[in-house]
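These notes are about the structure you will find just below.
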Amino acid sequence: MARFSLALLSLCVAACTLAAPMQRRQTGDLQCNLARLQIIADVASAETLLSQINATDLATASAVAVAQTGLKSVDTAIQTILAAVLQGNTAPPETRDQVGNGLTAAQTALKSITDPSVNASVAAVQAKITSAGADGNNVVAECK
């Protein structure tokens, strides 16, 4: 996953450095690309933190698996968006919904965890997911 995140980060940085024609392109300005980098970083951090939760019971393990699936859906959507941007195409509008739905699914799953031994870890993942949601809103605002 770290290699994947690094690859996405590299692609986004490459998009920041591309020479743009006179008309505005979907590659966006500096603020737009910084917002994109931030959501990628927060999702990657959430995935790393989530993988470190030691699920001691079936309910916790199941909730972690659902959260991982939600974050994988976010990754897939981000890959699709970045591929479109780098090709100079418009990103499919449904990918924005996919990002939001994946973050919501992960957050909902984590809220169902009641094992007190993982409370701190769950809270850290939830904070990253909340931050990723705010980052997504920033992308929408900055990348018009």
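For the structure tokens, the naming scheme is as follows: chains receive sequential letters (A, B, ...) according to their order of presentation, residues are indexed from 1 within each chain, and ligands are indexed from 1 in presentation order.
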Inset, instruction - May I have all residues of chain A that DSSP, computed from the backbone, assigns to helix (DSSP H, G or I), given as a PyMOL selection string? - result: chain A and resi 2-17+30-51+58-86+94-111+116-142
Those residues you just picked out, can you put them in a file as a CSV table (one decimal), in the first residue's frame with C-alpha atoms?
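Output below, filename result_12.csv:
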chain,number,residue,atom,x,y,z
A,2,ALA,CA,2.9,2.3,0.8
A,3,ARG,CA,4.2,1.9,-2.8
A,4,PHE,CA,0.8,2.6,-4.2
A,5,SER,CA,0.4,5.8,-2.1
A,6,LEU,CA,3.9,6.9,-3.1
A,7,ALA,CA,3.0,6.3,-6.8
A,8,LEU,CA,-0.1,8.4,-6.4
A,9,LEU,CA,1.8,11.1,-4.7
A,10,SER,CA,4.4,11.1,-7.5
A,11,LEU,CA,1.6,11.3,-10.1
A,12,CYS,CA,0.0,14.2,-8.3
A,13,VAL,CA,3.4,16.0,-8.0
A,14,ALA,CA,4.0,15.4,-11.7
A,15,ALA,CA,0.6,16.9,-12.4
A,16,CYS,CA,1.6,20.0,-10.5
A,17,THR,CA,4.7,20.5,-12.6
A,30,LEU,CA,-1.2,24.9,-6.7
A,31,GLN,CA,-4.0,25.1,-4.0
A,32,CYS,CA,-6.0,22.4,-5.9
A,33,ASN,CA,-3.0,20.1,-6.2
A,34,LEU,CA,-2.1,20.6,-2.6
A,35,ALA,CA,-5.6,19.6,-1.6
A,36,ARG,CA,-5.3,16.5,-3.7
A,37,LEU,CA,-2.1,15.6,-2.1
A,38,GLN,CA,-3.5,16.0,1.3
A,39,ILE,CA,-6.5,13.7,0.8
A,40,ILE,CA,-4.1,11.1,-0.6
A,41,ALA,CA,-1.8,11.4,2.4
A,42,ASP,CA,-4.7,11.2,4.9
A,43,VAL,CA,-6.3,8.2,3.3
A,44,ALA,CA,-2.9,6.4,3.2
A,45,SER,CA,-2.3,7.3,6.9
A,46,ALA,CA,-5.8,6.0,7.8
A,47,GLU,CA,-5.1,2.7,5.9
A,48,THR,CA,-1.8,2.3,7.7
A,49,LEU,CA,-3.3,3.0,11.1
A,50,LEU,CA,-6.2,0.7,10.4
A,51,SER,CA,-3.9,-2.1,9.5
A,58,LEU,CA,-14.8,-11.2,15.7
A,59,ALA,CA,-16.9,-8.0,15.8
A,60,THR,CA,-13.8,-5.7,15.8
A,61,ALA,CA,-12.2,-7.8,13.0
A,62,SER,CA,-15.3,-7.5,10.9
A,63,ALA,CA,-15.6,-3.7,11.5
A,64,VAL,CA,-11.9,-3.3,10.5
A,65,ALA,CA,-12.5,-5.3,7.4
A,66,VAL,CA,-15.5,-3.2,6.4
A,67,ALA,CA,-13.5,0.0,7.0
A,68,GLN,CA,-10.6,-1.4,4.9
A,69,THR,CA,-13.0,-2.1,2.1
A,70,GLY,CA,-14.4,1.5,2.3
A,71,LEU,CA,-10.9,2.9,2.1
A,72,LYS,CA,-10.0,0.7,-0.8
A,73,SER,CA,-13.0,2.1,-2.6
A,74,VAL,CA,-11.7,5.6,-1.9
A,75,ASP,CA,-8.3,4.5,-3.3
A,76,THR,CA,-9.9,3.2,-6.5
A,77,ALA,CA,-11.8,6.4,-7.0
A,78,ILE,CA,-8.7,8.6,-6.4
A,79,GLN,CA,-6.8,6.5,-8.9
A,80,THR,CA,-9.6,7.0,-11.5
A,81,ILE,CA,-9.6,10.8,-10.8
A,82,LEU,CA,-5.9,11.1,-11.1
A,83,ALA,CA,-5.7,9.1,-14.3
A,84,ALA,CA,-8.4,11.3,-15.8
A,85,VAL,CA,-6.6,14.5,-14.7
A,86,LEU,CA,-3.2,13.3,-16.0
A,94,GLU,CA,-19.5,9.4,-9.8
A,95,THR,CA,-16.0,9.1,-8.5
A,96,ARG,CA,-16.5,12.0,-6.1
A,97,ASP,CA,-19.5,10.1,-4.7
A,98,GLN,CA,-17.4,7.0,-4.4
A,99,VAL,CA,-14.8,8.8,-2.3
A,100,GLY,CA,-17.5,10.2,0.0
A,101,ASN,CA,-19.3,6.8,0.2
A,102,GLY,CA,-16.1,5.0,1.0
A,103,LEU,CA,-15.1,7.4,3.7
A,104,THR,CA,-18.6,7.2,5.2
A,105,ALA,CA,-18.6,3.4,5.1
A,106,ALA,CA,-15.2,3.3,6.9
A,107,GLN,CA,-16.3,5.8,9.5
A,108,THR,CA,-19.6,4.0,10.1
A,109,ALA,CA,-17.8,0.6,10.6
A,110,LEU,CA,-15.3,2.1,13.0
A,111,LYS,CA,-18.1,3.6,15.1
A,116,PRO,CA,-11.9,-0.6,24.7
A,117,SER,CA,-8.4,-2.1,24.1
A,118,VAL,CA,-8.4,-0.5,20.6
A,119,ASN,CA,-10.2,2.8,21.4
A,120,ALA,CA,-7.1,5.0,20.9
A,121,SER,CA,-6.2,3.3,17.6
A,122,VAL,CA,-9.8,3.6,16.3
A,123,ALA,CA,-9.9,7.3,17.3
A,124,ALA,CA,-6.6,7.9,15.4
A,125,VAL,CA,-8.1,6.3,12.2
A,126,GLN,CA,-11.3,8.2,12.6
A,127,ALA,CA,-9.4,11.5,12.9
A,128,LYS,CA,-7.6,10.7,9.6
A,129,ILE,CA,-10.8,9.8,7.9
A,130,THR,CA,-12.5,13.0,9.1
A,131,SER,CA,-9.5,14.9,7.8
A,132,ALA,CA,-9.7,13.1,4.5
A,133,GLY,CA,-13.4,14.2,4.2
A,134,ALA,CA,-12.4,17.8,4.8
A,135,ASP,CA,-9.6,17.4,2.3
A,136,GLY,CA,-12.1,16.1,-0.2
A,137,ASN,CA,-14.3,19.2,0.4
A,138,ASN,CA,-11.2,21.3,-0.2
A,139,VAL,CA,-10.5,19.5,-3.5
A,140,VAL,CA,-14.1,20.3,-4.6
A,141,ALA,CA,-13.7,23.9,-3.6
A,142,GLU,CA,-10.2,24.5,-5.0
